[in-house]
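Coordinates from structure19.tsv are shown below (TSV, C-alpha atoms and all ligand atoms).
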```
chain	number	residue	atom	x	y	z
A	205	MET	CA	21.88	-81.29	-9.35
A	206	ILE	CA	18.13	-81.46	-8.83
A	207	THR	CA	16.49	-80.06	-5.69
A	208	GLY	CA	13.03	-81.36	-4.77
A	209	ALA	CA	13.98	-84.58	-6.56
A	210	GLY	CA	11.36	-86.54	-4.60
A	211	GLY	CA	8.51	-84.52	-6.16
A	212	LEU	CA	6.56	-84.84	-9.40
A	213	LEU	CA	8.77	-82.75	-11.70
A	214	GLY	CA	12.00	-83.43	-9.81
A	215	GLY	CA	11.43	-87.18	-10.25
A	216	GLU	CA	10.82	-86.79	-13.99
A	217	CYS	CA	13.94	-84.60	-14.36
A	218	LYS	CA	15.97	-87.20	-12.50
A	219	PHE	CA	14.74	-89.92	-14.87
A	220	VAL	CA	15.05	-87.97	-18.13
A	221	LEU	CA	18.34	-86.19	-17.43
A	222	GLY	CA	19.84	-89.30	-15.83
A	223	GLN	CA	19.88	-90.94	-19.26
A	224	ARG	CA	22.48	-88.48	-20.50
A	225	TYR	CA	24.04	-86.68	-17.55
A	226	VAL	CA	25.49	-87.48	-14.15
A	227	VAL	CA	22.67	-86.38	-11.89
A	228	PHE	CA	22.76	-85.54	-8.18
A	229	PRO	CA	19.12	-85.84	-7.05
A	230	MET	CA	18.43	-84.09	-3.73
A	231	ARG	CA	15.26	-84.96	-1.90
A	232	SER	CA	14.09	-82.63	0.86
A	233	SER	CA	15.62	-85.02	3.42
A	234	ASP	CA	19.02	-84.69	1.66
A	235	LEU	CA	18.93	-80.93	1.30
A	236	ASP	CA	16.52	-78.40	2.75
A	237	ILE	CA	16.85	-75.33	0.53
A	238	THR	CA	15.84	-73.04	3.39
A	239	ASP	CA	19.12	-73.94	5.19
A	240	LYS	CA	21.59	-71.53	3.67
A	241	THR	CA	24.82	-73.10	4.92
A	242	PRO	CA	24.15	-76.70	3.80
A	243	VAL	CA	22.92	-75.38	0.44
A	244	GLU	CA	26.22	-73.58	-0.04
A	245	GLU	CA	28.29	-76.51	1.25
A	246	ILE	CA	26.61	-79.10	-0.96
A	247	ILE	CA	26.70	-76.96	-4.10
A	248	GLY	CA	30.29	-76.06	-3.28
A	249	SER	CA	31.33	-79.68	-2.92
A	250	LEU	CA	29.41	-81.10	-5.91
A	251	LYS	CA	30.08	-78.09	-8.16
A	252	PRO	CA	27.27	-79.02	-10.57
A	253	ASP	CA	27.22	-77.42	-14.03
A	254	VAL	CA	23.45	-77.03	-13.76
A	255	ILE	CA	21.06	-76.83	-10.80
A	256	ILE	CA	17.38	-77.49	-11.43
A	257	ASN	CA	15.35	-76.08	-8.56
A	258	CYS	CA	12.14	-78.13	-8.38
A	259	ALA	CA	11.87	-77.72	-4.61
A	260	ALA	CA	8.81	-75.75	-3.56
A	261	PHE	CA	5.87	-75.54	-1.19
A	262	THR	CA	3.24	-76.47	-3.77
A	263	ARG	CA	0.05	-77.07	-1.74
A	264	VAL	CA	-1.69	-73.93	-2.92
A	265	ASP	CA	-4.42	-73.93	-0.25
A	266	ASP	CA	-2.02	-74.70	2.62
A	267	CYS	CA	0.09	-71.71	1.56
A	268	GLU	CA	-2.69	-69.46	2.86
A	269	SER	CA	-2.48	-70.84	6.42
A	270	LYS	CA	1.28	-71.57	6.42
A	271	ARG	CA	2.38	-68.24	5.01
A	272	GLN	CA	5.80	-68.06	6.63
A	273	GLU	CA	6.75	-71.60	5.71
A	274	ALA	CA	5.63	-71.10	2.10
A	275	PHE	CA	7.61	-67.87	1.87
A	276	ARG	CA	10.69	-69.48	3.41
A	277	ILE	CA	10.71	-72.29	0.85
A	278	ASN	CA	9.48	-70.52	-2.30
A	279	ALA	CA	11.25	-67.18	-1.86
A	280	ILE	CA	14.15	-67.53	0.64
A	281	GLY	CA	14.94	-71.08	-0.55
A	282	ALA	CA	15.12	-69.87	-4.14
A	283	GLU	CA	17.44	-67.06	-3.03
A	284	ASN	CA	19.75	-69.49	-1.21
A	285	VAL	CA	20.03	-71.70	-4.28
A	286	ALA	CA	20.52	-68.69	-6.58
A	287	ARG	CA	23.34	-67.24	-4.43
A	288	SER	CA	25.23	-70.53	-4.35
A	289	ALA	CA	24.64	-71.17	-8.06
A	290	HIS	CA	26.22	-67.78	-8.70
A	291	LYS	CA	29.11	-68.39	-6.31
A	292	TYR	CA	30.04	-71.73	-7.91
A	293	GLY	CA	29.27	-70.77	-11.52
A	294	ALA	CA	26.31	-73.11	-12.11
A	295	LEU	CA	23.45	-72.44	-14.50
A	296	LEU	CA	20.24	-72.29	-12.42
A	297	VAL	CA	17.01	-73.58	-13.93
A	298	HIS	CA	14.34	-72.36	-11.53
A	299	ILE	CA	10.77	-73.63	-11.91
A	300	SER	CA	7.94	-71.15	-11.44
A	301	THR	CA	4.22	-70.99	-12.06
A	302	ASP	CA	1.26	-69.73	-14.07
A	303	TYR	CA	-0.22	-68.61	-10.72
A	304	VAL	CA	1.93	-65.46	-10.80
A	305	PHE	CA	-0.85	-64.01	-13.01
A	306	ASP	CA	-4.27	-62.88	-11.79
A	307	GLY	CA	-6.10	-64.68	-14.61
A	308	ASN	CA	-8.48	-61.78	-15.28
A	309	ARG	CA	-7.80	-61.85	-19.02
A	310	PRO	CA	-10.68	-63.52	-20.89
A	311	PRO	CA	-9.76	-67.09	-21.87
A	312	PRO	CA	-8.37	-68.32	-24.22
A	313	GLN	CA	-6.13	-65.25	-24.47
A	314	PRO	CA	-2.81	-66.47	-23.09
A	315	TYR	CA	-0.21	-64.77	-20.91
A	316	THR	CA	3.27	-64.30	-22.38
A	317	GLU	CA	6.60	-63.55	-20.74
A	318	GLU	CA	5.94	-59.85	-21.45
A	319	ASP	CA	2.80	-59.67	-19.30
A	320	VAL	CA	3.01	-58.18	-15.83
A	321	PRO	CA	2.39	-60.68	-13.00
A	322	SER	CA	-0.14	-59.89	-10.31
A	323	PRO	CA	-0.75	-62.94	-8.11
A	324	ILE	CA	-4.08	-63.40	-6.33
A	325	ASN	CA	-3.00	-66.00	-3.77
A	326	TRP	CA	-0.09	-66.45	-1.35
A	327	TYR	CA	1.44	-69.30	-3.35
A	328	GLY	CA	1.66	-67.06	-6.44
A	329	HIS	CA	3.03	-64.22	-4.33
A	330	THR	CA	5.81	-66.37	-2.84
A	331	LYS	CA	6.70	-67.85	-6.23
A	332	LEU	CA	6.94	-64.37	-7.73
A	333	LYS	CA	9.29	-63.36	-4.89
A	334	GLY	CA	11.32	-66.49	-5.73
A	335	GLU	CA	11.60	-65.35	-9.35
A	336	ALA	CA	12.83	-61.93	-8.21
A	337	ALA	CA	15.39	-63.55	-5.89
A	338	VAL	CA	16.73	-65.62	-8.79
A	339	GLU	CA	16.93	-62.57	-11.07
A	340	GLU	CA	18.76	-60.59	-8.39
A	341	ASN	CA	21.18	-63.24	-7.19
A	342	ALA	CA	21.98	-65.64	-10.01
A	343	ARG	CA	24.22	-64.68	-12.91
A	344	ARG	CA	23.22	-67.46	-15.30
A	345	TYR	CA	19.61	-68.52	-14.89
A	346	ILE	CA	16.49	-69.75	-16.63
A	347	ILE	CA	13.14	-69.18	-14.93
A	348	LEU	CA	10.66	-71.63	-16.38
A	349	ARG	CA	7.00	-70.91	-15.67
A	350	THR	CA	4.73	-73.88	-16.09
A	351	GLY	CA	1.26	-74.94	-14.93
A	352	TRP	CA	-1.25	-77.74	-14.38
A	353	LEU	CA	1.43	-80.44	-14.08
A	354	TYR	CA	0.53	-84.11	-13.99
A	355	GLY	CA	2.47	-87.35	-14.18
A	356	SER	CA	2.89	-90.77	-12.69
A	357	GLY	CA	4.66	-89.56	-9.51
A	358	GLY	CA	3.38	-87.48	-6.63
A	359	ARG	CA	-0.09	-86.06	-6.06
A	360	ASN	CA	-1.77	-84.57	-9.09
A	361	PHE	CA	-5.18	-83.87	-10.61
A	362	PRO	CA	-5.78	-86.90	-12.88
A	363	LYS	CA	-4.71	-89.24	-10.09
A	364	THR	CA	-7.19	-87.60	-7.71
A	365	ILE	CA	-9.98	-87.87	-10.30
A	366	LEU	CA	-9.14	-91.52	-10.86
A	367	ARG	CA	-9.14	-92.32	-7.14
A	368	LYS	CA	-12.50	-90.62	-6.62
A	369	THR	CA	-14.00	-92.37	-9.65
A	370	LEU	CA	-12.91	-95.78	-8.38
A	371	MET	CA	-14.10	-95.05	-4.84
A	372	GLU	CA	-17.56	-94.03	-5.99
A	373	PRO	CA	-18.20	-95.54	-9.44
A	374	GLU	CA	-21.89	-94.61	-9.30
A	375	GLY	CA	-21.36	-91.20	-7.70
A	376	GLN	CA	-21.79	-87.82	-9.35
A	377	MET	CA	-18.55	-85.86	-9.34
A	378	LYS	CA	-18.61	-82.11	-9.73
A	379	VAL	CA	-15.57	-80.63	-11.46
A	380	VAL	CA	-14.76	-76.95	-11.94
A	381	ASP	CA	-15.47	-75.78	-15.48
A	382	ASP	CA	-14.65	-72.07	-15.29
A	383	GLN	CA	-10.88	-72.19	-14.72
A	384	PHE	CA	-8.74	-72.70	-17.81
A	385	GLY	CA	-5.14	-73.81	-18.22
A	386	SER	CA	-2.91	-76.17	-20.17
A	387	PRO	CA	-2.53	-79.62	-18.64
A	388	THR	CA	1.21	-80.27	-18.87
A	389	TRP	CA	2.88	-83.68	-18.68
A	390	ALA	CA	5.82	-83.41	-16.27
A	391	HIS	CA	7.78	-85.89	-18.38
A	392	ARG	CA	7.52	-83.65	-21.46
A	393	LEU	CA	8.54	-80.65	-19.36
A	394	ALA	CA	11.64	-82.52	-18.15
A	395	HIS	CA	12.61	-82.95	-21.82
A	396	GLN	CA	12.01	-79.23	-22.32
A	397	VAL	CA	14.36	-78.53	-19.41
A	398	GLU	CA	16.97	-80.73	-21.08
A	399	ARG	CA	16.53	-78.87	-24.38
A	400	LEU	CA	16.99	-75.51	-22.65
A	401	MET	CA	20.03	-76.64	-20.67
A	402	ALA	CA	21.76	-77.62	-23.89
A	403	SER	CA	21.05	-74.22	-25.50
A	404	GLU	CA	22.23	-70.68	-24.92
A	405	ALA	CA	18.87	-69.78	-23.36
A	406	GLN	CA	18.86	-67.30	-20.46
A	407	GLY	CA	16.10	-65.49	-18.58
A	408	LEU	CA	12.36	-66.00	-18.32
A	409	TYR	CA	10.44	-68.62	-20.36
A	410	HIS	CA	6.92	-69.99	-20.35
A	411	ALA	CA	6.61	-73.74	-20.88
A	412	THR	CA	3.23	-75.45	-20.85
A	413	ALA	CA	1.50	-77.85	-23.24
A	414	GLU	CA	-0.20	-76.42	-26.32
A	415	GLY	CA	-3.98	-75.93	-26.25
A	416	TYR	CA	-6.10	-75.43	-23.15
A	417	ALA	CA	-8.92	-76.95	-21.16
A	418	SER	CA	-11.01	-76.44	-18.05
A	419	TRP	CA	-10.48	-78.84	-15.14
A	420	PHE	CA	-13.75	-80.48	-16.15
A	421	GLN	CA	-12.61	-80.99	-19.75
A	422	PHE	CA	-9.26	-82.33	-18.54
A	423	ALA	CA	-10.97	-84.81	-16.19
A	424	GLU	CA	-13.44	-85.93	-18.86
A	425	GLU	CA	-10.72	-86.54	-21.45
A	426	PHE	CA	-8.56	-88.40	-18.95
A	427	LEU	CA	-11.33	-90.78	-17.85
A	428	ARG	CA	-12.35	-91.33	-21.48
A	429	LEU	CA	-8.79	-92.37	-22.35
A	430	MET	CA	-8.67	-94.60	-19.26
A	431	GLY	CA	-11.83	-96.30	-20.60
A	432	LEU	CA	-13.77	-95.65	-17.39
A	433	ARG	CA	-17.46	-94.95	-17.18
A	434	HIS	CA	-18.13	-91.88	-15.11
A	435	SER	CA	-20.66	-89.21	-14.37
A	436	LEU	CA	-18.86	-85.93	-14.09
A	437	SER	CA	-20.79	-82.73	-13.97
A	438	PRO	CA	-19.39	-79.27	-14.62
A	439	CYS	CA	-19.63	-76.66	-11.88
A	440	THR	CA	-18.45	-73.12	-11.23
A	441	SER	CA	-15.62	-72.25	-8.84
A	442	ASP	CA	-18.03	-70.76	-6.30
A	443	LYS	CA	-19.50	-74.27	-5.78
A	444	PHE	CA	-16.01	-75.39	-4.75
A	445	PRO	CA	-14.80	-72.83	-2.19
A	446	THR	CA	-11.10	-73.18	-1.39
A	447	PRO	CA	-8.85	-71.22	1.00
A	448	ALA	CA	-6.82	-69.88	-1.96
A	449	ARG	CA	-8.41	-68.14	-4.92
A	450	ARG	CA	-7.41	-69.57	-8.31
A	451	PRO	CA	-6.88	-67.55	-11.49
A	452	ALA	CA	-9.74	-68.17	-13.95
A	453	ASN	CA	-7.29	-68.04	-16.84
A	454	SER	CA	-3.91	-69.77	-16.40
A	455	ILE	CA	-3.19	-70.22	-20.09
A	456	LEU	CA	0.43	-69.43	-20.95
A	457	GLU	CA	1.96	-68.90	-24.37
A	458	ASN	CA	5.47	-70.33	-24.86
A	459	LYS	CA	6.36	-67.23	-26.81
A	460	ARG	CA	10.08	-67.10	-26.19
A	461	LEU	CA	10.58	-70.86	-26.65
A	462	LYS	CA	8.85	-70.59	-30.03
A	463	ASN	CA	10.66	-67.44	-31.13
A	464	GLU	CA	14.00	-69.03	-30.33
A	465	GLY	CA	13.18	-72.38	-31.97
A	466	LEU	CA	13.37	-74.22	-28.62
A	467	ASN	CA	9.75	-75.25	-28.07
A	468	ILE	CA	9.29	-79.02	-27.83
A	469	MET	CA	5.98	-78.91	-25.92
A	470	ARG	CA	3.07	-80.79	-27.53
A	471	HIS	CA	-0.71	-80.42	-27.46
A	472	TRP	CA	-2.07	-81.50	-24.07
A	473	LYS	CA	-4.38	-84.09	-25.63
A	474	GLU	CA	-1.52	-85.72	-27.54
A	475	ASP	CA	0.60	-86.01	-24.38
A	476	LEU	CA	-2.35	-87.28	-22.33
A	477	VAL	CA	-2.80	-90.14	-24.83
A	478	THR	CA	0.86	-91.12	-24.42
A	479	PHE	CA	0.73	-90.73	-20.66
A	480	VAL	CA	-2.33	-92.98	-20.33
A	481	SER	CA	-1.01	-95.61	-22.75
A	482	LEU	CA	2.26	-95.84	-20.80
A	483	ASN	CA	0.80	-95.69	-17.29
A	484	ARG	CA	-2.77	-97.02	-17.35
A	485	ASP	CA	-2.14	-100.26	-15.44
A	486	HIS	CA	0.13	-98.62	-12.91
A	487	LEU	CA	-2.33	-95.77	-12.32
A	488	LEU	CA	-5.22	-98.19	-11.79
A	489	ALA	CA	-3.25	-100.39	-9.40
A	490	GLU	CA	-2.07	-97.40	-7.42
A	491	ALA	CA	-5.53	-95.82	-7.24
A	492	LYS	CA	-7.13	-99.12	-6.17
A	493	GLY	CA	-4.50	-99.49	-3.46
A	494	VAL	CA	-5.18	-96.01	-2.19
A	495	SER	CA	-8.97	-96.35	-2.34
A	496	ARG	CA	-9.10	-99.62	-0.36
A	501	LIG	N1	2.25	-79.13	-9.83
A	501	LIG	C1	1.85	-78.14	-10.60
A	501	LIG	O1	0.75	-78.17	-11.18
A	501	LIG	C2	2.73	-76.94	-10.81
A	501	LIG	C3	2.22	-75.88	-11.56
A	501	LIG	C4	3.04	-74.76	-11.78
A	501	LIG	C5	4.32	-74.73	-11.26
A	501	LIG	N2	4.79	-75.76	-10.52
A	501	LIG	C6	6.14	-75.65	-9.97
A	501	LIG	O2	6.88	-76.76	-10.41
A	501	LIG	C7	7.88	-77.09	-9.43
A	501	LIG	C8	7.80	-78.57	-9.11
A	501	LIG	O3	6.51	-78.83	-8.60
A	501	LIG	P1	5.96	-80.30	-8.37
A	501	LIG	O4	4.61	-80.36	-8.94
A	501	LIG	O5	7.00	-81.30	-8.76
A	501	LIG	O6	5.79	-80.26	-6.79
A	501	LIG	P2	5.93	-81.41	-5.70
A	501	LIG	O7	5.58	-82.72	-6.28
A	501	LIG	O8	5.19	-80.90	-4.51
A	501	LIG	O9	7.48	-81.39	-5.41
A	501	LIG	C9	8.09	-80.38	-4.68
A	501	LIG	C10	9.24	-80.99	-3.93
A	501	LIG	O10	9.89	-79.98	-3.18
A	501	LIG	C11	10.30	-80.57	-1.97
A	501	LIG	N3	10.52	-79.57	-0.93
A	501	LIG	C12	9.58	-78.91	-0.21
A	501	LIG	N4	10.18	-78.10	0.67
A	501	LIG	C13	11.52	-78.24	0.49
A	501	LIG	C14	12.66	-77.68	1.08
A	501	LIG	N5	12.56	-76.78	2.06
A	501	LIG	N6	13.89	-78.06	0.64
A	501	LIG	C15	14.01	-78.98	-0.33
A	501	LIG	N7	12.97	-79.56	-0.93
A	501	LIG	C16	11.73	-79.18	-0.54
A	501	LIG	C17	9.19	-81.52	-1.59
A	501	LIG	O11	9.67	-82.49	-0.70
A	501	LIG	P3	8.70	-83.07	0.46
A	501	LIG	O12	7.57	-83.71	-0.27
A	501	LIG	O13	9.60	-84.03	1.18
A	501	LIG	O14	8.29	-81.88	1.27
A	501	LIG	C18	8.82	-82.10	-2.94
A	501	LIG	O15	9.56	-83.27	-3.20
A	501	LIG	C19	7.62	-76.15	-8.26
A	501	LIG	O16	8.47	-75.06	-8.34
A	501	LIG	C20	6.20	-75.70	-8.46
A	501	LIG	O17	5.97	-74.43	-7.88
A	501	LIG	C21	4.02	-76.87	-10.28
```
Could you quickly redo this structure as structure tokens?
Ligand SMILES: NC(=O)c1ccc[n+]([C@@H]2O[C@H](COP(=O)([O-])OP(=O)(O)OC[C@H]3O[C@@H](n4cnc5c(N)ncnc54)[C@H](OP(=O)(O)O)[C@@H]3O)[C@@H](O)[C@H]2O)c1
Amino acid sequence: MITGAGGLLGGECKFVLGQRYVVFPMRSSDLDITDKTPVEEIIGSLKPDVIINCAAFTRVDDCESKRQEAFRINAIGAENVARSAHKYGALLVHISTDYVFDGNRPPPQPYTEEDVPSPINWYGHTKLKGEAAVEENARRYIILRTGWLYGSGGRNFPKTILRKTLMEPEGQMKVVDDQFGSPTWAHRLAHQVERLMASEAQGLYHATAEGYASWFQFAEEFLRLMGLRHSLSPCTSDKFPTPARRPANSILENKRLKNEGLNIMRHWKEDLVTFVSLNRDHLLAEAKGVSR
């Protein structure tokens, strides 16, 4: 069973896992994870072997103004799913985030599963509470922290860059160059979820692409692969004030995946090449449709 199946990662998990497993994809309209009783009823009637919780309030800036709603979904929702997973004996794969860390460590030093989280925005705070709720209430669980997700579905950074580039082909676009992370293809992460499900893995894991980039470097590489002329210019975060602060260093090390021989994540540039070669036409058509 996949919660948040209408989102970026949920959609990829539905596609990837659907090739081998019977999948029950739950969009938010099918199941609201903040409603405790329906969560229990649905999990109780489907009795899934595995629940992948991709449901979350992910608009980082909106989390600052919609604090209660974000907490309800990211913390209480996670608790509801964890309690029912425990009650009906399902393995819970709960997706969490690089934003649980403050990012004060100088890049490119990465954060491992052993580092102590200390979120600097409400989104990170609510996601950390969600992790704690899973640890407290689920018996069999995997918490998978990832970051900088992109893919063909949903809203995400390369799609925004593409849309802006097409809207203003001659315009100068400023992109933040002092925040670092590992751009991670949601499709690859869905395969990593599959790998973990089929193993004896339990507990907390980091799972992002290998290597790292700034948002500016990510945007530049993406547009280069798309074969689009552009004029991006790097800027610092203070030129781009946002309601939520972002960690300057979001680089994660997949330490446990590697130690346990489970890491299938690739270098971000390698995955970006594959992503663009598979999706270029679709991305262009979609972005042109949106920009008209
Ligand atoms: N995107 C990233 O860069 C990133 C980075 C680190 C971690 N993550 C984590 O990865 C997971 C998946 O993120 P994503 O990028 O796939 O996000 P997404 O595209 O925003 O998908 C999240 C999904 O959750 C659904 N949802 C929201 N509230 C819900 C509720 N109360 N009950 C059930 N479903 C609900 C949303 O449905 P509606 O659209 O209908 O509201 C949406 O389909 C999340 O846990 C997120 O925190 C993402």
With all atoms listed in the file as the basis for distance, which of A:Val220, A:Val480, A:Ala209, A:Ile246 is at the shortest distance from ligand LIG 501 (chain A)?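 Going through A:Val220, A:Val480, A:Ala209, A:Ile246 one by one, the smallest distance to ligand LIG 501 (chain A) is for A:Ala209.
Every protein, DNA or RNA residue with an atom at most 10 Å from range 367-369 of chain A, where all atoms listed in the file count and chain neighbours fewer than 3 positions away do not, is listed here: Phe361, Pro362, Lys363, Thr364, Glu372, Pro373, Glu374, Gly375, Gln376, Met377, Leu427, Leu432, Arg433, His434, Ser435, Leu436, Leu487, Leu488, Glu490, Ala491, Lys492, Gly493, Val494, Ser495 and Arg496 of chain A.
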Surroundings of ligand LIG 501 (chain A) up to 6 Å, based on all atoms listed in the file, as a PyMOL selection string: chain A and resi 207-214+231-232+235-238+258-262+277+299-302+350-353+358
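Near Arg287 in chain A, within a cut-off of 6 Å and counting all atoms listed in the file, sit the residues Asn284, Val285, Ala289, His290, Asn341 and Ala342 of chain A, with same-chain residues fewer than 2 positions away left out.
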Would you mind exporting C-alpha atoms of the selected residues as a PDB file, in the coordinates of the input?
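Full text of again-v1.pdb as output:
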```
ATOM      1  CA  ASN A 284      19.750 -69.490  -1.210  1.00  0.00           C
ATOM      2  CA  VAL A 285      20.030 -71.700  -4.280  1.00  0.00           C
ATOM      3  CA  ALA A 289      24.640 -71.170  -8.060  1.00  0.00           C
ATOM      4  CA  HIS A 290      26.220 -67.780  -8.700  1.00  0.00           C
ATOM      5  CA  ASN A 341      21.180 -63.240  -7.190  1.00  0.00           C
ATOM      6  CA  ALA A 342      21.980 -65.640 -10.010  1.00  0.00           C
TER       7      ALA A 342
END
```
Residues at most 9 Å from Lys378 in chain A, counting only C-alpha atoms, excluding those fewer than 2 positions away in the same chain, as a list of chain:residue names? A:Gln376, A:Val380, A:Phe420, A:Ser435, A:Leu436, A:Ser437, A:Pro438, A:Cys439, A:Lys443, A:Phe444
Distance of CA of Thr388 in chain A from CA of Ala423 in chain A, expressed in Å to one decimal place: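 Separation between CA of Ala423 in chain A and CA of Thr388 in chain A: 13.3 Å.
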Neighbouring residues of Glu404 in chain A were defined as those with any atom within 12 Å, considering all atoms listed in the file; residues of the same chain fewer than 4 positions away were excluded. Please report them as a ChimeraX atom specification. /A:295,344-346,398-400,461,464-466
Rounded to one decimal place, report the CA of Val297 in chain A-CA of Glu457 in chain A distance in Å.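 Separation of CA of Val297 in chain A and CA of Glu457 in chain A: 18.9 Å.
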Residue nearest Val304 in chain A among A:Arg349, A:Arg460, A:Lys473, A:Lys291 (counting only C-alpha atoms):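 Ranked by minimum distance to Val304 in chain A, first place goes to A:Arg349.
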Enter the distance from CA of Trp419 in chain A to CA of Ser454 in chain A, in Å, rounded to one decimal.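 Computed distance, CA of Trp419 in chain A to CA of Ser454 in chain A, equals 11.3 Å.
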Just want the 6 Å neighbourhood of Ile455 in chain A, counted on only C-alpha atoms, with same-chain residues fewer than 6 positions away dropped. Output as a ChimeraX atom specification. /A:314,385-386
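Distances here use only C-alpha atoms; by that measure, the residue among A:Val338, A:Cys267, A:Leu476, A:Ile247 closest to Ala279 in chain A is A:Val338.
In terms of minimum interatomic distance to His298 in chain A, A:His410 ranks closest within A:Arg450, A:His410, A:His329, A:His391, counting only C-alpha atoms.
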Report the centre and edge lengths, in Å to one decimal, of an axis-aligned box enclosing every atom of range 222-241 of chain A listed in the file, padded by 6 Å on each side, as AutoDock Vina command-line options.
```
--center_x 19.8 --center_y -81.2 --center_z -7.7 --size_x 23.4 --size_y 31.4 --size_z 37.7
```
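Distances here use all atoms listed in the file; by that measure, the residue among A:Thr241, A:Asn325, A:Thr440, A:Gln396 closest to Val379 in chain A is A:Thr440.
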Restricting the calculation to all atoms listed in the file, which member of A:Val243, A:Ala286, A:Ala452, A:Val254 is positioned closest to Leu221 in chain A? A:Val254
Would you fill out range 460-465 of chain A with all heavy atoms and return it as a JSON list (two decimals), in the coordinates of the input?
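The resulting rebuild.json:
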```json
[["chain", "number", "residue", "atom", "x", "y", "z"],
["A", 460, "ARG", "N", 8.63, -67.15, -25.98],
["A", 460, "ARG", "CA", 10.08, -67.10, -26.19],
["A", 460, "ARG", "C", 10.63, -68.44, -26.70],
["A", 460, "ARG", "O", 11.51, -68.47, -27.56],
["A", 460, "ARG", "CB", 10.80, -66.72, -24.88],
["A", 460, "ARG", "CG", 10.72, -65.24, -24.58],
["A", 460, "ARG", "CD", 11.78, -64.85, -23.58],
["A", 460, "ARG", "NE", 13.14, -64.95, -24.09],
["A", 460, "ARG", "CZ", 14.23, -65.00, -23.33],
["A", 460, "ARG", "NH1", 14.12, -64.98, -22.01],
["A", 460, "ARG", "NH2", 15.43, -65.08, -23.87],
["A", 461, "LEU", "N", 10.11, -69.54, -26.17],
["A", 461, "LEU", "CA", 10.58, -70.86, -26.65],
["A", 461, "LEU", "C", 10.35, -70.96, -28.16],
["A", 461, "LEU", "O", 11.20, -71.45, -28.91],
["A", 461, "LEU", "CB", 9.83, -72.00, -25.95],
["A", 461, "LEU", "CG", 10.16, -72.28, -24.49],
["A", 461, "LEU", "CD1", 9.30, -73.43, -23.96],
["A", 461, "LEU", "CD2", 11.64, -72.62, -24.31],
["A", 462, "LYS", "N", 9.18, -70.50, -28.60],
["A", 462, "LYS", "CA", 8.85, -70.59, -30.03],
["A", 462, "LYS", "C", 9.72, -69.64, -30.84],
["A", 462, "LYS", "O", 10.28, -70.05, -31.88],
["A", 462, "LYS", "CB", 7.37, -70.29, -30.25],
["A", 462, "LYS", "CG", 6.47, -71.41, -29.76],
["A", 462, "LYS", "CD", 5.01, -71.04, -29.91],
["A", 462, "LYS", "CE", 4.14, -72.09, -29.25],
["A", 462, "LYS", "NZ", 2.75, -71.70, -29.17],
["A", 463, "ASN", "N", 9.85, -68.42, -30.38],
["A", 463, "ASN", "CA", 10.66, -67.44, -31.13],
["A", 463, "ASN", "C", 12.10, -67.89, -31.29],
["A", 463, "ASN", "O", 12.75, -67.58, -32.28],
["A", 463, "ASN", "CB", 10.65, -66.08, -30.42],
["A", 463, "ASN", "CG", 9.33, -65.36, -30.60],
["A", 463, "ASN", "OD1", 8.50, -65.77, -31.42],
["A", 463, "ASN", "ND2", 9.10, -64.31, -29.84],
["A", 464, "GLU", "N", 12.59, -68.62, -30.30],
["A", 464, "GLU", "CA", 14.00, -69.03, -30.33],
["A", 464, "GLU", "C", 14.17, -70.45, -30.85],
["A", 464, "GLU", "O", 15.27, -71.01, -30.78],
["A", 464, "GLU", "CB", 14.60, -68.86, -28.92],
["A", 464, "GLU", "CG", 14.62, -67.40, -28.51],
["A", 464, "GLU", "CD", 14.99, -67.15, -27.04],
["A", 464, "GLU", "OE1", 15.65, -68.01, -26.43],
["A", 464, "GLU", "OE2", 14.60, -66.08, -26.52],
["A", 465, "GLY", "N", 13.10, -71.04, -31.37],
["A", 465, "GLY", "CA", 13.18, -72.38, -31.97],
["A", 465, "GLY", "C", 13.48, -73.48, -30.94],
["A", 465, "GLY", "O", 14.06, -74.51, -31.26]]
```
